[in-house]
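**Q** Got run.txt for you, compact mmCIF, C-alpha atoms and all ligand atoms:
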```txt
# COMPACT_ATOMS: atom_id res chain seq x y z
CA MET N 1 26.43 -16.29 -18.80
CA ILE N 2 29.14 -17.78 -21.01
CA ASP N 3 29.87 -21.45 -20.36
CA ASN N 4 33.29 -21.75 -21.96
CA VAL N 5 35.84 -19.74 -23.86
CA VAL N 6 37.38 -21.50 -26.83
CA LEU N 7 40.56 -20.18 -28.42
CA VAL N 8 41.11 -20.82 -32.12
CA GLY N 9 43.78 -19.58 -34.50
CA PRO N 10 46.94 -20.61 -36.31
CA MET N 11 50.00 -22.33 -34.88
CA GLY N 12 51.98 -19.71 -33.00
CA ALA N 13 49.02 -17.44 -32.23
CA GLY N 14 49.54 -18.04 -28.51
CA LYS N 15 46.42 -20.11 -27.80
CA SER N 16 48.03 -22.27 -25.10
CA THR N 17 49.90 -19.46 -23.32
CA ILE N 18 46.95 -17.10 -23.38
CA GLY N 19 44.49 -19.89 -22.58
CA ARG N 20 46.36 -20.87 -19.44
CA LEU N 21 46.54 -17.26 -18.19
CA LEU N 22 42.91 -16.58 -19.11
CA ALA N 23 41.74 -19.68 -17.24
CA ALA N 24 43.63 -18.51 -14.13
CA ARG N 25 42.16 -15.01 -14.50
CA LEU N 26 38.58 -16.31 -14.81
CA ALA N 27 39.06 -19.19 -12.34
CA PHE N 28 38.06 -21.57 -15.16
CA HIS N 29 39.51 -25.01 -15.92
CA PHE N 30 42.07 -25.08 -18.70
CA TYR N 31 42.18 -27.69 -21.46
CA ASP N 32 44.41 -27.86 -24.48
CA THR N 33 43.10 -30.26 -27.15
CA ASP N 34 46.64 -31.20 -28.26
CA SER N 35 47.70 -32.06 -24.70
CA VAL N 36 44.54 -34.08 -24.07
CA ILE N 37 45.12 -35.99 -27.33
CA GLU N 38 48.71 -36.73 -26.25
CA GLU N 39 47.60 -37.88 -22.78
CA ARG N 40 44.91 -40.18 -24.21
CA THR N 41 47.21 -41.61 -26.86
CA GLY N 42 50.29 -41.90 -24.67
CA ALA N 43 52.33 -40.48 -27.55
CA ASP N 44 53.23 -37.06 -28.88
CA ILE N 45 51.73 -35.36 -31.92
CA PRO N 46 54.67 -36.02 -34.29
CA TRP N 47 54.33 -39.75 -33.45
CA ILE N 48 50.57 -39.69 -34.14
CA PHE N 49 51.12 -37.96 -37.51
CA ASP N 50 53.89 -40.45 -38.38
CA VAL N 51 51.99 -43.58 -37.48
CA GLU N 52 48.35 -42.67 -38.07
CA GLY N 53 48.71 -39.85 -40.57
CA GLU N 54 46.94 -36.48 -40.39
CA GLU N 55 43.57 -38.24 -40.75
CA GLY N 56 44.27 -40.31 -37.65
CA PHE N 57 45.19 -37.19 -35.74
CA ARG N 58 42.04 -35.37 -36.94
CA ALA N 59 39.85 -38.25 -35.79
CA ARG N 60 41.42 -38.09 -32.33
CA GLU N 61 41.02 -34.31 -32.33
CA SER N 62 37.27 -34.49 -33.11
CA ALA N 63 36.77 -37.12 -30.40
CA VAL N 64 38.53 -34.97 -27.78
CA LEU N 65 36.66 -31.82 -28.85
CA GLY N 66 33.41 -33.78 -28.60
CA GLU N 67 34.20 -34.45 -24.95
CA LEU N 68 35.52 -31.02 -24.03
CA VAL N 69 32.55 -29.09 -25.42
CA HIS N 70 30.44 -30.60 -22.65
CA SER N 71 32.58 -28.75 -20.11
CA SER N 72 31.27 -25.84 -18.15
CA GLY N 73 33.53 -23.04 -16.98
CA ALA N 74 36.47 -24.00 -19.13
CA VAL N 75 38.98 -22.28 -21.36
CA ILE N 76 39.74 -24.62 -24.26
CA ALA N 77 42.80 -23.98 -26.43
CA THR N 78 42.50 -25.83 -29.73
CA GLY N 79 44.94 -27.02 -32.38
CA GLY N 80 45.30 -24.74 -35.40
CA GLY N 81 43.59 -27.17 -37.76
CA ILE N 82 40.51 -27.87 -35.65
CA ILE N 83 38.31 -25.69 -37.87
CA MET N 84 39.01 -27.86 -40.94
CA ARG N 85 36.24 -30.33 -40.17
CA GLU N 86 32.66 -29.12 -40.45
CA VAL N 87 31.62 -31.30 -37.53
CA ASN N 88 34.20 -29.49 -35.38
CA ARG N 89 33.00 -26.08 -36.50
CA GLU N 90 29.48 -27.00 -35.46
CA MET N 91 30.70 -28.19 -32.04
CA LEU N 92 32.78 -25.04 -31.59
CA SER N 93 29.90 -22.68 -32.25
CA GLN N 94 27.88 -24.39 -29.53
CA ALA N 95 30.70 -24.60 -26.98
CA GLY N 96 30.71 -20.99 -25.81
CA ALA N 97 32.49 -17.81 -26.84
CA VAL N 98 35.01 -18.51 -29.58
CA VAL N 99 37.99 -16.16 -29.69
CA TYR N 100 40.08 -16.10 -32.86
CA LEU N 101 43.66 -15.10 -31.98
CA THR N 102 45.49 -13.59 -34.93
CA ALA N 103 49.10 -12.57 -35.54
CA SER N 104 51.15 -11.42 -38.51
CA ILE N 105 52.96 -13.99 -40.65
CA ASP N 106 56.30 -12.71 -39.28
CA GLN N 107 55.16 -13.34 -35.72
CA LEU N 108 53.76 -16.78 -36.51
CA VAL N 109 57.04 -17.77 -38.18
CA GLU N 110 59.08 -16.42 -35.27
CA ARG N 111 56.95 -18.17 -32.65
CA THR N 112 57.00 -21.56 -34.39
CA CYS N 113 60.43 -21.75 -36.00
CA LYS N 114 62.36 -23.11 -33.03
CA ASP N 115 60.46 -26.26 -32.22
CA LYS N 116 59.99 -29.56 -33.98
CA LYS N 117 56.65 -30.47 -32.47
CA ARG N 118 54.48 -29.32 -35.38
CA PRO N 119 54.58 -31.90 -38.19
CA LEU N 120 52.90 -29.63 -40.75
CA LEU N 121 55.79 -27.15 -40.43
CA GLN N 122 58.60 -29.70 -40.89
CA VAL N 123 58.95 -28.68 -44.54
CA ALA N 124 61.60 -26.90 -46.60
CA ASP N 125 59.74 -23.57 -46.45
CA PRO N 126 57.69 -23.27 -43.25
CA ARG N 127 56.87 -19.62 -43.96
CA ALA N 128 55.23 -20.53 -47.28
CA LYS N 129 53.33 -23.31 -45.50
CA ILE N 130 52.06 -20.88 -42.85
CA ILE N 131 50.89 -18.49 -45.57
CA GLU N 132 49.12 -21.33 -47.41
CA LEU N 133 47.39 -22.51 -44.22
CA ILE N 134 46.27 -19.00 -43.25
CA LYS N 135 44.74 -18.44 -46.70
CA LEU N 136 42.78 -21.63 -46.42
CA ARG N 137 41.83 -21.36 -42.78
CA ASP N 138 41.28 -17.67 -42.02
CA PRO N 139 37.69 -17.69 -43.41
CA LEU N 140 36.93 -20.77 -41.31
CA TYR N 141 38.30 -19.24 -38.10
CA ARG N 142 36.13 -16.19 -38.83
CA GLU N 143 33.10 -18.38 -39.50
CA VAL N 144 33.19 -19.78 -35.94
CA ALA N 145 34.55 -16.72 -34.11
CA THR N 146 32.55 -14.64 -31.67
CA CYS N 147 35.39 -12.10 -31.72
CA VAL N 148 38.82 -11.63 -33.31
CA VAL N 149 41.75 -10.55 -31.14
CA GLU N 150 45.05 -9.33 -32.57
CA THR N 151 48.12 -10.48 -30.60
CA ASP N 152 50.95 -8.73 -32.48
CA GLY N 153 52.94 -6.37 -30.29
CA ARG N 154 50.75 -7.20 -27.29
CA SER N 155 51.85 -9.11 -24.21
CA PRO N 156 49.92 -12.25 -23.25
CA ARG N 157 48.73 -10.41 -20.14
CA PHE N 158 47.32 -7.58 -22.23
CA VAL N 159 45.51 -10.01 -24.53
CA VAL N 160 44.09 -11.88 -21.53
CA GLN N 161 42.80 -8.67 -19.99
CA HIS N 162 41.24 -7.69 -23.31
CA ILE N 163 39.43 -11.04 -23.68
CA ALA N 164 38.33 -11.13 -20.05
C1 LIG G 1 48.04 -28.16 -36.23
C2 LIG G 1 48.30 -27.37 -35.14
C3 LIG G 1 48.91 -27.90 -33.91
C4 LIG G 1 48.57 -29.38 -33.74
C5 LIG G 1 48.95 -30.15 -34.98
C6 LIG G 1 48.24 -29.63 -36.23
C7 LIG G 1 47.46 -27.54 -37.44
O1 LIG G 1 48.46 -27.19 -32.77
O2 LIG G 1 47.21 -29.54 -33.48
O3 LIG G 1 50.35 -30.08 -35.13
O4 LIG G 1 46.90 -28.26 -38.29
O5 LIG G 1 47.53 -26.29 -37.55
P1 LIG G 1 48.92 -25.67 -32.40
O6 LIG G 1 48.04 -24.74 -33.19
O7 LIG G 1 48.65 -25.57 -30.94
O8 LIG G 1 50.36 -25.55 -32.73
```
Before anything else, please render the file you have as structure tokens.
**A**
Amino acid sequence: MIDNVVLVGPMGAGKSTIGRLLAARLAFHFYDTDSVIEERTGADIPWIFDVEGEEGFRARESAVLGELVHSSGAVIATGGGIIMREVNREMLSQAGAVVYLTASIDQLVERTCKDKKRPLLQVADPRAKIIELIKLRDPLYREVATCVVETDGRSPRFVVQHIA
């Protein structure tokens, strides 16, 4: 019996959308680490990055993950950088089934280009930044993943059905 399903993957992979639908499908609770961080802080992620820097955000992220991994019957959507800290990777591998959602660079760019809520992508060339992050992070997502699920050209409902 799997306790939790944790979704990891890059910004724009669809972790929150798919996580919400998957939780409804499995009758699990749904948590999104970014939303929990924002609720606890009373501020949004751009504000946290501005005032506390990425390190401040990462500390909050580890604290929230540390709480959520004690859940039972939860789908947990995580921020794209959660796998950067070793302590997080250890927590993730004990939390339940870890699903790595992947998408092509084109899809990731398309899904993230319209909003301003991701501080790491507020740069002159967001596409180059996405490529750089994927290079660095893909091996780490794979290190913690129980399975890898491609999302390109697939509807959220299809992906949910596949995971379930
Ligand atoms: C980040 C991804 C974001 C959020 C923060 C940092 C990252 O979450 O945690 O902006 O380092 O990739 P999403 O993956 O949900 O966009």
**Q** Near N:Thr151, counting all atoms listed in the file, which residues have an atom at most 8 Å away, once you skip same-chain residues fewer than 2 positions from it, shown as a PyMOL selection string?
**A** chain N and resi 13-14+101-103+149+153-156+159
**Q** Please check which protein, DNA or RNA residues sit within 10 Å of ligand LIG 1 (chain G), counting all atoms listed in the file, and write them as a ChimeraX atom specification.
**A** /N:7-17,32-35,37,44-46,48-49,54,57-58,61,77-84,111-112,116-121,130,133-134,137
**Q** Rounded to one decimal place, report the atom CA of N:Leu136-atom CA of N:Val148 distance in Å.
**A**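 Distance between the two atoms: 17.0 Å.
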**Q** Would you mind reading off the distance between atom CA of N:Asp152 and atom CA of N:Arg127, one decimal, in Å?
**A**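 A separation of 16.9 Å between them.
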**Q** Tell me, in Å to one decimal, how far atom CA of N:Leu22 is from atom CA of N:His162.
**A**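 It comes out at 10.0 Å.
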**Q** Using all atoms listed in the file, which of N:Arg157, N:Arg142, N:His70, N:Lys114 sits nearest N:Gln94?
**A** N:His70
**Q** Show which residues sit within 10 Å of N:Leu26, as a PyMOL selection string. Count all atoms listed in the file, and ignore same-chain residues fewer than 3 positions away.
**A** chain N and resi 21-23+29+73-75+160+164
**Q** List every protein, DNA or RNA residue with an atom no more than 9 Å from (33.5, -35.3, -38.7) in the file's coordinates, counting only C-alpha atoms, and format the result as a PyMOL selection string.
**A** chain N and resi 58-59+62+85-88
**Q** Rank nothing, just name the residue among N:Glu150, N:Asp3, N:Asp138, N:Glu55 nearest to N:Leu68, using all atoms listed in the file.
**A**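 Using all atoms listed in the file, the shortest distance to N:Leu68 belongs to N:Asp3.
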